[in-house]
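A.B. asks: What follows is a single structure, and I will ask about it in a moment.
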Amino acid sequence: MKEKHVEQARQEELNELVKIRRQKIDELKKLGVNPYPYKFKCTHFSKDIIENFDRMEGKAVSIAGRIMALRKMGKASFAHVMDSGGRIQIYVRLNNVGEVPYKIFKLLDIGDWIGVTGDVFKTHTGEISIVVKELTLLSKTLRPLPIVKEKVEDGKKIIYDQFADKELRYRQRYVDLIVNPEVRDVFVRRSKIISTMRRYLEEKGYLEVETPILQPVYGGAFARPFVTHHNTLDMTLYLRISNELYLKRLIVGGFDGVFEFAKDFRNEGMDRFHNPEFTQMELYVVYEDYYFMMNLVEEMISTIAEKITGSKTIVYQGNEIDLTPPWKRIRMFDAIEEETGFNLYGTIENEVREIGKKLDIDVEALPTRGKIIDEIFGKYVEPKLIQPTFITDFPIEISPLAKKHRDDPNLVERFEPYIAGKEIGNAFSELNDPIDQRQRFEAQMKLRSAGDDEAQVLDEDFLRALEYGMPPTAGLGIGIDRLVMILTDSPSIRDVLLFPQMRPEQLKAED
RNA sequence: GGGCCAGUAGCUCAGUCGGUAGAGCAGCGGCCUUUUAAGCCGUUGGUCGGAGGUUCGAAUCCUCCCUGGCUCACCA
């Protein structure tokens, strides 16, 4: 493996394009230029100049950024420089900068970082530009950037030679971010979504906490974990699949509202909606129930949507979605009946199996009544839930951490919010009866020994915490990645993760 | 894991009936002092994802493999 790295590095060195740029570095050094200097003082961003041209015209400014387009001519040239807020044209003229600086400029390539000082003006064709007096190379690039060209025709932006290979874009996100500005925009919005949510929760007085990622017992969700090992303690540790049980311990400890933006890890398949590591926001609030959480979710999500997109109505993959509260609330059994005509409420397992068969569900593979119901729901109801909907009151067998429904001991007080046909969260009136919780864990252990390797593991310390007394509590988890997908109209989770999980890159070897 | 599709120059792509590789952009050289997909002239660059097979001859046909995308299944 190591040898392959070395081999690859050697081949890169021989790469002609890189070689040429190395030669340019040597030439620049001969002209007295340090291709990697230490500092540059900017006075403006490109955006400031373009947005305030009337005020800026004729003024001296210093900006810095990456060269994204070059139009070199014999004695006067144009370039576009991109900084974090946009891009601006610069005009470099031999008479203005002098012989040697112009020679230096001609040694620059697309991708190089430069700083320029000059005056703001508008060209004959009307483009706001900077006529350069002084030009400083800030960092010379060795690798050529994929060149993306744009033309505006009839108000429409035509893009030529777009850097489009999805694999390359995900693997080399740094390049993707440089040449595809809308990618950058998605991640700026992701950051704003999280900070808006954080502020929303802080303003309500909840405390942001951090809980262990390395856990001796994993719990709080149905999933297979990643397993690791601690050398000094010589013990198995699991990367958390959820932080739920830790946050509830903190409620036992006396905090009355805690939340965490948590990276969770699940050792499962990957697709458009699943990445092995993903982010959830979990929140626990004392003295409240799941009705409180429904109100909070619809208010919080619609508030964030408005802040990010400017409207409570958004478009996701062609569907207009109105996030204005109140959202539709429907019991899981009622939703299934609406879509299939079968009322599963109060049925026993064998009846559900028969109905499942009629509904073309592979019931043989499913161990319990609850799982079959969940499967029917997933197939017939979930895809229909385009407008925001709370599905409520789940079967108890698939909800071992939720409190029994106050009106029906076969159900739990649980809901999942759905938007655009996808589950974006999960919430309960939290189970705080330690005796009931122990029985639920034991039922899970029984499933586990029957071969269900996603059944939950009994957590003795968590039970001990509950035995010290947990007040009535409402709990919530929100899938941040899926929320970001919906609010940025992104079709895949990979589009909202800066570095989505990929197979290891194949390294070139001679062999 | 199944199905479908794709992989050709740094980027975007073409490549006919099987005849040994093309364009634009980028690069390099030249001309060019308001250009903007700058332009004009010239030019470099490829183990056609990999291995094997069929064939006088394979980017092209066949088999296997690798990588990726979409999708179904799995998976809260």
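Residue numbering restarts at 1 in every chain; chains get A, B, ... in the order shown in the structure tokens, and ligands count up from 1 in that same order.
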Which residues of chain B come within 12 Å of segment 269-284 of chain A, and for each one, what is the closest pair of atoms and their distance in Å to one decimal, counting only C-alpha atoms (C1' of nucleotides), sorted by chain and residue number, as a Markdown table?
C.D. replies:
| residue | atom | partner | partner_atom | distance |
| --- | --- | --- | --- | --- |
| B:G1 | C1' | A:Gly269 | CA | 10.8 |
| B:G69 | C1' | A:Arg272 | CA | 11.2 |
| B:C70 | C1' | A:Arg272 | CA | 10.0 |
| B:U71 | C1' | A:Asp271 | CA | 10.3 |
| B:C72 | C1' | A:Asp271 | CA | 11.6 |
| B:A73 | C1' | A:Gly269 | CA | 10.8 |
| B:C74 | C1' | A:Gly269 | CA | 7.3 |
| B:C75 | C1' | A:Gly269 | CA | 6.3 |
| B:A76 | C1' | A:His274 | CA | 10.7 |
A.B. asks: Keeping N, CA, C and O atoms (P, O5', C5', C4', C3', O3' and C1' of nucleotides) for every residue in the selection just given, could you write it to a file as a PDB file, in the first residue's frame?
C.D. replies:
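And here's selection-v9.pdb as it stands now:
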ATOM      1  P     G B   1     -22.030  -7.492  -2.681  1.00  0.00           P
ATOM      2  O5'   G B   1     -23.424  -8.174  -2.972  1.00  0.00           O
ATOM      3  C5'   G B   1     -23.558  -9.576  -3.069  1.00  0.00           C
ATOM      4  C4'   G B   1     -25.020  -9.871  -3.196  1.00  0.00           C
ATOM      5  C3'   G B   1     -25.656  -9.457  -4.528  1.00  0.00           C
ATOM      6  O3'   G B   1     -25.457 -10.444  -5.526  1.00  0.00           O
ATOM      7  C1'   G B   1     -27.001  -8.662  -2.740  1.00  0.00           C
ATOM      8  P     G B  69     -21.769   6.349  -6.222  1.00  0.00           P
ATOM      9  O5'   G B  69     -22.766   6.643  -7.432  1.00  0.00           O
ATOM     10  C5'   G B  69     -22.802   7.912  -8.025  1.00  0.00           C
ATOM     11  C4'   G B  69     -23.759   7.900  -9.186  1.00  0.00           C
ATOM     12  C3'   G B  69     -25.163   7.435  -8.858  1.00  0.00           C
ATOM     13  O3'   G B  69     -25.949   8.463  -8.297  1.00  0.00           O
ATOM     14  C1'   G B  69     -24.408   6.328 -10.800  1.00  0.00           C
ATOM     15  P     C B  70     -26.990   8.105  -7.125  1.00  0.00           P
ATOM     16  O5'   C B  70     -28.203   7.465  -7.943  1.00  0.00           O
ATOM     17  C5'   C B  70     -28.917   8.231  -8.892  1.00  0.00           C
ATOM     18  C4'   C B  70     -29.754   7.335  -9.757  1.00  0.00           C
ATOM     19  C3'   C B  70     -30.730   6.421  -9.011  1.00  0.00           C
ATOM     20  O3'   C B  70     -31.912   7.079  -8.618  1.00  0.00           O
ATOM     21  C1'   C B  70     -29.580   5.170 -10.652  1.00  0.00           C
ATOM     22  P     U B  71     -32.630   6.656  -7.253  1.00  0.00           P
ATOM     23  O5'   U B  71     -33.163   5.198  -7.595  1.00  0.00           O
ATOM     24  C5'   U B  71     -34.180   4.983  -8.555  1.00  0.00           C
ATOM     25  C4'   U B  71     -34.357   3.519  -8.823  1.00  0.00           C
ATOM     26  C3'   U B  71     -34.704   2.674  -7.597  1.00  0.00           C
ATOM     27  O3'   U B  71     -36.086   2.706  -7.300  1.00  0.00           O
ATOM     28  C1'   U B  71     -32.965   1.623  -8.813  1.00  0.00           C
ATOM     29  P     C B  72     -36.562   2.523  -5.772  1.00  0.00           P
ATOM     30  O5'   C B  72     -36.513   0.945  -5.589  1.00  0.00           O
ATOM     31  C5'   C B  72     -37.417   0.105  -6.285  1.00  0.00           C
ATOM     32  C4'   C B  72     -37.016  -1.339  -6.129  1.00  0.00           C
ATOM     33  C3'   C B  72     -36.857  -1.850  -4.707  1.00  0.00           C
ATOM     34  O3'   C B  72     -38.091  -2.157  -4.095  1.00  0.00           O
ATOM     35  C1'   C B  72     -35.030  -2.589  -5.999  1.00  0.00           C
ATOM     36  P     A B  73     -38.231  -2.100  -2.502  1.00  0.00           P
ATOM     37  O5'   A B  73     -37.207  -3.215  -2.011  1.00  0.00           O
ATOM     38  C5'   A B  73     -37.539  -4.593  -2.115  1.00  0.00           C
ATOM     39  C4'   A B  73     -36.387  -5.453  -1.682  1.00  0.00           C
ATOM     40  C3'   A B  73     -35.924  -5.278  -0.245  1.00  0.00           C
ATOM     41  O3'   A B  73     -36.763  -5.945   0.676  1.00  0.00           O
ATOM     42  C1'   A B  73     -34.046  -5.353  -1.664  1.00  0.00           C
ATOM     43  P     C B  74     -37.034  -5.329   2.131  1.00  0.00           P
ATOM     44  O5'   C B  74     -35.588  -5.396   2.783  1.00  0.00           O
ATOM     45  C5'   C B  74     -34.998  -6.656   3.105  1.00  0.00           C
ATOM     46  C4'   C B  74     -33.575  -6.454   3.564  1.00  0.00           C
ATOM     47  C3'   C B  74     -33.406  -5.546   4.782  1.00  0.00           C
ATOM     48  O3'   C B  74     -33.664  -6.222   6.002  1.00  0.00           O
ATOM     49  C1'   C B  74     -31.845  -4.933   3.131  1.00  0.00           C
ATOM     50  P     C B  75     -34.628  -5.536   7.089  1.00  0.00           P
ATOM     51  O5'   C B  75     -33.771  -4.259   7.491  1.00  0.00           O
ATOM     52  C5'   C B  75     -32.474  -4.410   8.060  1.00  0.00           C
ATOM     53  C4'   C B  75     -31.776  -3.074   8.058  1.00  0.00           C
ATOM     54  C3'   C B  75     -32.491  -1.973   8.834  1.00  0.00           C
ATOM     55  O3'   C B  75     -32.193  -2.079  10.219  1.00  0.00           O
ATOM     56  C1'   C B  75     -31.793  -1.136   6.746  1.00  0.00           C
ATOM     57  P     A B  76     -33.365  -1.876  11.307  1.00  0.00           P
ATOM     58  O5'   A B  76     -33.865  -0.391  11.020  1.00  0.00           O
ATOM     59  C5'   A B  76     -33.132   0.746  11.495  1.00  0.00           C
ATOM     60  C4'   A B  76     -33.607   1.939  10.724  1.00  0.00           C
ATOM     61  C3'   A B  76     -33.363   3.274  11.435  1.00  0.00           C
ATOM     62  O3'   A B  76     -33.336   4.310  10.477  1.00  0.00           O
ATOM     63  C1'   A B  76     -35.674   2.822  11.362  1.00  0.00           C
TER      64        A B  76
END
A.B. asks: For chain B, list the residues within 7 Å of chain A, counting only C-alpha atoms (C1' of nucleotides), and write the list as a list in words.
C.D. replies: G10, C11, U12, A26, G27, C32, U33, U34, U35, A37, A38, G68, C75 and A76 of chain B
A.B. asks: List as a list in words the protein and nucleic acid residues near Phe226 of chain A, meaning an atom at most 9 Å away when only C-alpha atoms (C1' of nucleotides) are counted, but skip any in the same chain fewer than 2 places from it.
C.D. replies: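 Near neighbours after the sequence-gap exclusion: Arg224, Thr228, Leu237, Tyr238, Leu239, Arg240, Ile241, Phe265, Arg266 and Asn267 of chain A.
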A.B. asks: Write out as a list of chain:residue names the residues lying within 10 Å of segment 18-24 of chain B, counting only C-alpha atoms (C1' of nucleotides) and excluding same-chain residues fewer than 2 positions away.
C.D. replies: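 Contacts, in chain order: A:Tyr160, A:Asp161, B:U8, B:U12, B:C13, B:A14, B:G15, B:G46, B:C48, B:U55, B:G57, B:A58, B:A59, B:U60, B:C61.
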A.B. asks: For those residues, write N, CA and C atoms (P, O5', C5', C4', C3', O3' and C1' of nucleotides) to a file as an mmCIF file, in the first residue's frame.
C.D. replies:
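Result written to part_34.cif:
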data_model
loop_
_atom_site.group_PDB
_atom_site.id
_atom_site.type_symbol
_atom_site.label_atom_id
_atom_site.label_comp_id
_atom_site.auth_asym_id
_atom_site.auth_seq_id
_atom_site.Cartn_x
_atom_site.Cartn_y
_atom_site.Cartn_z
ATOM 1 N N TYR A 160 -20.576 25.564 -19.497
ATOM 2 C CA TYR A 160 -19.823 24.681 -20.375
ATOM 3 C C TYR A 160 -18.831 23.857 -19.568
ATOM 4 N N ASP A 161 -18.677 22.610 -19.951
ATOM 5 C CA ASP A 161 -17.660 21.753 -19.341
ATOM 6 C C ASP A 161 -17.757 21.724 -17.830
ATOM 7 P P U B 8 -13.545 7.919 -19.085
ATOM 8 O "O5'" U B 8 -13.121 7.261 -20.473
ATOM 9 C "C5'" U B 8 -11.917 6.532 -20.577
ATOM 10 C "C4'" U B 8 -11.280 6.773 -21.907
ATOM 11 C "C3'" U B 8 -10.967 8.225 -22.231
ATOM 12 O "O3'" U B 8 -9.795 8.682 -21.583
ATOM 13 C "C1'" U B 8 -12.019 7.236 -24.087
ATOM 14 P P U B 12 -15.735 15.710 -16.496
ATOM 15 O "O5'" U B 12 -16.385 16.367 -17.785
ATOM 16 C "C5'" U B 12 -17.321 17.431 -17.664
ATOM 17 C "C4'" U B 12 -17.818 17.825 -19.032
ATOM 18 C "C3'" U B 12 -18.334 16.668 -19.881
ATOM 19 O "O3'" U B 12 -19.662 16.320 -19.534
ATOM 20 C "C1'" U B 12 -16.898 18.016 -21.184
ATOM 21 P P C B 13 -20.204 14.841 -19.839
ATOM 22 O "O5'" C B 13 -20.174 14.883 -21.435
ATOM 23 C "C5'" C B 13 -19.981 13.730 -22.189
ATOM 24 C "C4'" C B 13 -19.646 14.176 -23.595
ATOM 25 C "C3'" C B 13 -19.510 13.072 -24.625
ATOM 26 O "O3'" C B 13 -20.775 12.666 -25.114
ATOM 27 C "C1'" C B 13 -17.711 14.577 -24.850
ATOM 28 P P A B 14 -20.943 11.176 -25.751
ATOM 29 O "O5'" A B 14 -20.145 11.298 -27.131
ATOM 30 C "C5'" A B 14 -20.723 11.992 -28.208
ATOM 31 C "C4'" A B 14 -19.832 12.018 -29.422
ATOM 32 C "C3'" A B 14 -19.522 10.693 -30.112
ATOM 33 O "O3'" A B 14 -20.634 10.154 -30.806
ATOM 34 C "C1'" A B 14 -17.631 12.097 -30.164
ATOM 35 P P G B 15 -20.826 8.562 -30.847
ATOM 36 O "O5'" G B 15 -19.497 8.038 -31.530
ATOM 37 C "C5'" G B 15 -19.261 8.252 -32.909
ATOM 38 C "C4'" G B 15 -17.881 7.803 -33.272
ATOM 39 C "C3'" G B 15 -17.581 6.320 -33.018
ATOM 40 O "O3'" G B 15 -18.091 5.495 -34.043
ATOM 41 C "C1'" G B 15 -15.808 7.622 -32.190
ATOM 42 P P G B 46 0.679 10.715 -23.952
ATOM 43 O "O5'" G B 46 -0.717 10.008 -23.711
ATOM 44 C "C5'" G B 46 -1.681 10.507 -22.799
ATOM 45 C "C4'" G B 46 -2.816 9.517 -22.739
ATOM 46 C "C3'" G B 46 -2.372 8.069 -22.956
ATOM 47 O "O3'" G B 46 -2.869 7.231 -21.944
ATOM 48 C "C1'" G B 46 -4.087 8.691 -24.509
ATOM 49 P P C B 48 -5.334 1.858 -23.893
ATOM 50 O "O5'" C B 48 -6.347 2.991 -23.487
ATOM 51 C "C5'" C B 48 -7.200 2.832 -22.349
ATOM 52 C "C4'" C B 48 -8.524 3.494 -22.615
ATOM 53 C "C3'" C B 48 -9.731 2.550 -22.659
ATOM 54 O "O3'" C B 48 -10.815 3.210 -22.056
ATOM 55 C "C1'" C B 48 -9.605 3.763 -24.653
ATOM 56 P P U B 55 -10.068 -17.418 -33.316
ATOM 57 O "O5'" U B 55 -9.984 -16.090 -34.185
ATOM 58 C "C5'" U B 55 -11.025 -15.747 -35.091
ATOM 59 C "C4'" U B 55 -10.814 -14.358 -35.618
ATOM 60 C "C3'" U B 55 -9.434 -14.071 -36.183
ATOM 61 O "O3'" U B 55 -9.286 -14.545 -37.507
ATOM 62 C "C1'" U B 55 -10.101 -12.288 -34.784
ATOM 63 P P G B 57 -5.108 -11.631 -34.840
ATOM 64 O "O5'" G B 57 -5.483 -10.098 -35.065
ATOM 65 C "C5'" G B 57 -4.459 -9.108 -35.052
ATOM 66 C "C4'" G B 57 -5.029 -7.767 -35.425
ATOM 67 C "C3'" G B 57 -6.157 -7.268 -34.514
ATOM 68 O "O3'" G B 57 -5.638 -6.662 -33.343
ATOM 69 C "C1'" G B 57 -6.765 -6.970 -36.783
ATOM 70 P P A B 58 -6.470 -6.779 -31.974
ATOM 71 O "O5'" A B 58 -7.800 -5.945 -32.260
ATOM 72 C "C5'" A B 58 -7.749 -4.554 -32.571
ATOM 73 C "C4'" A B 58 -8.819 -3.817 -31.796
ATOM 74 C "C3'" A B 58 -8.611 -3.829 -30.290
ATOM 75 O "O3'" A B 58 -9.188 -2.637 -29.763
ATOM 76 C "C1'" A B 58 -10.615 -4.927 -30.782
ATOM 77 P P A B 59 -8.295 -1.348 -29.543
ATOM 78 O "O5'" A B 59 -9.213 -0.393 -28.657
ATOM 79 C "C5'" A B 59 -9.474 -0.690 -27.303
ATOM 80 C "C4'" A B 59 -10.771 -0.064 -26.870
ATOM 81 C "C3'" A B 59 -12.022 -0.782 -27.403
ATOM 82 O "O3'" A B 59 -12.413 -1.817 -26.541
ATOM 83 C "C1'" A B 59 -12.179 1.550 -27.801
ATOM 84 P P U B 60 -12.947 -3.198 -27.092
ATOM 85 O "O5'" U B 60 -14.206 -2.798 -27.967
ATOM 86 C "C5'" U B 60 -15.366 -2.202 -27.372
ATOM 87 C "C4'" U B 60 -16.336 -1.785 -28.452
ATOM 88 C "C3'" U B 60 -16.907 -2.959 -29.248
ATOM 89 O "O3'" U B 60 -18.275 -2.743 -29.511
ATOM 90 C "C1'" U B 60 -15.804 -1.426 -30.692
ATOM 91 P P C B 61 -19.327 -3.509 -28.570
ATOM 92 O "O5'" C B 61 -19.108 -5.036 -28.970
ATOM 93 C "C5'" C B 61 -19.858 -5.632 -30.014
ATOM 94 C "C4'" C B 61 -19.589 -7.118 -30.063
ATOM 95 C "C3'" C B 61 -19.444 -7.782 -28.703
ATOM 96 O "O3'" C B 61 -20.700 -8.110 -28.151
ATOM 97 C "C1'" C B 61 -17.672 -8.461 -30.104
#
A.B. asks: Can you work out which one of A:Lys357, A:Lys140, A:Lys29, A:Arg87 has the shortest atom-to-atom distance to Val179 of chain A, counting only C-alpha atoms?
C.D. replies: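 Nearest candidate to Val179 of chain A out of A:Lys357, A:Lys140, A:Lys29, A:Arg87: A:Arg87.
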A.B. asks: Run DSSP on the backbone and tell me which residues of segment 107-351 of chain A come out as alpha helix (DSSP H); list them as number ranges by chain.
C.D. replies: A: 166-171, 173-179, 181-203, 244-252, 290-309, 332-340, 349-351
A.B. asks: Taking the DSSP secondary structure from the backbone, can you list the residues of segment 293-407 of chain A that are strand (DSSP E or B), as a VMD selection string?
C.D. replies: chain A and resid 313 to 316 319 to 322 328 to 331 389 to 395 402 404 to 405
A.B. asks: May I have the selected residues written with C-alpha atoms, as a CSV table (one decimal), in the first residue's frame?
C.D. replies:
chain,number,residue,atom,x,y,z
A,313,THR,CA,-43.6,27.0,1.7
A,314,ILE,CA,-40.7,25.2,0.0
A,315,VAL,CA,-40.3,23.1,-3.1
A,316,TYR,CA,-38.6,19.7,-2.8
A,319,ASN,CA,-43.3,19.1,-4.9
A,320,GLU,CA,-44.6,22.2,-3.3
A,321,ILE,CA,-44.6,21.6,0.5
A,322,ASP,CA,-46.3,23.9,3.0
A,328,LYS,CA,-51.6,17.0,9.8
A,329,ARG,CA,-51.7,14.5,12.7
A,330,ILE,CA,-52.9,11.0,12.1
A,331,ARG,CA,-52.7,7.8,14.1
A,389,THR,CA,-47.5,14.9,8.7
A,390,PHE,CA,-47.2,13.6,12.2
A,391,ILE,CA,-47.8,9.8,12.3
A,392,THR,CA,-48.8,9.0,15.9
A,393,ASP,CA,-49.4,6.2,18.3
A,394,PHE,CA,-47.2,3.3,17.3
A,395,PRO,CA,-47.5,-0.4,18.3
A,402,ALA,CA,-41.7,5.1,24.6
A,404,LYS,CA,-47.5,3.4,27.0
A,405,HIS,CA,-50.4,5.4,25.5
A.B. asks: Write out as a list of chain:residue names which residues come within 12 Å of C41 of chain B when counting only C-alpha atoms (C1' of nucleotides), dropping same-chain ones fewer than 5 positions away.
C.D. replies: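 That gives B:G29, B:G30, B:C31, B:C32.
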A.B. asks: Could you tell me how far atom CA of Glu382 of chain A lies from atom CA of Arg448 of chain A, in Å and to one decimal?
C.D. replies: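 Computed distance, atom CA of Glu382 of chain A to atom CA of Arg448 of chain A, equals 27.0 Å.
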A.B. asks: Using only C-alpha atoms, find the one residue out of A:Thr232, A:Asn243, A:Thr347, A:Ser139 that sits nearest to Ala64 of chain A.
C.D. replies: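 Checking each candidate against Ala64 of chain A, we get A:Ser139 as the closest.
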A.B. asks: With only C-alpha atoms (C1' of nucleotides) as the counted atoms, please give the residues lying no more than 8 Å from segment 244-254 of chain A, apart from itself and same-chain residues fewer than 6 positions off, as a VMD selection string.
C.D. replies: chain A and resid 211 to 212 219 to 220 282 to 286 462 465 to 466 468 to 471
A.B. asks: Would you mind exporting C-alpha atoms of the selected residues as a PDB file, in the first residue's frame?
C.D. replies:
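out.pdb written:
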ATOM      1  CA  THR A 211     -22.295  12.754  25.511  1.00  0.00           C
ATOM      2  CA  PRO A 212     -20.035   9.800  24.703  1.00  0.00           C
ATOM      3  CA  GLY A 219     -28.680   1.688  22.639  1.00  0.00           C
ATOM      4  CA  GLY A 220     -31.447   4.094  21.828  1.00  0.00           C
ATOM      5  CA  GLU A 282     -31.904  15.000  20.084  1.00  0.00           C
ATOM      6  CA  LEU A 283     -33.845  17.002  22.637  1.00  0.00           C
ATOM      7  CA  TYR A 284     -35.367  16.068  26.005  1.00  0.00           C
ATOM      8  CA  VAL A 285     -37.681  18.352  27.962  1.00  0.00           C
ATOM      9  CA  VAL A 286     -39.067  17.640  31.429  1.00  0.00           C
ATOM     10  CA  PHE A 462     -29.618   3.168  32.244  1.00  0.00           C
ATOM     11  CA  ALA A 465     -30.685   5.722  36.429  1.00  0.00           C
ATOM     12  CA  LEU A 466     -34.412   5.336  35.808  1.00  0.00           C
ATOM     13  CA  TYR A 468     -33.463   6.891  40.737  1.00  0.00           C
ATOM     14  CA  GLY A 469     -36.493   8.528  39.154  1.00  0.00           C
ATOM     15  CA  MET A 470     -36.944  10.351  35.842  1.00  0.00           C
ATOM     16  CA  PRO A 471     -39.689  12.971  35.682  1.00  0.00           C
TER      17      PRO A 471
END
A.B. asks: Skipping near chain neighbours, those fewer than 6 positions away, what residues fall within 10 Å of Ile25 of chain A using only C-alpha atoms (C1' of nucleotides), listed as a ChimeraX atom specification?
C.D. replies: /A:19,31,33-36,107-108,140-142
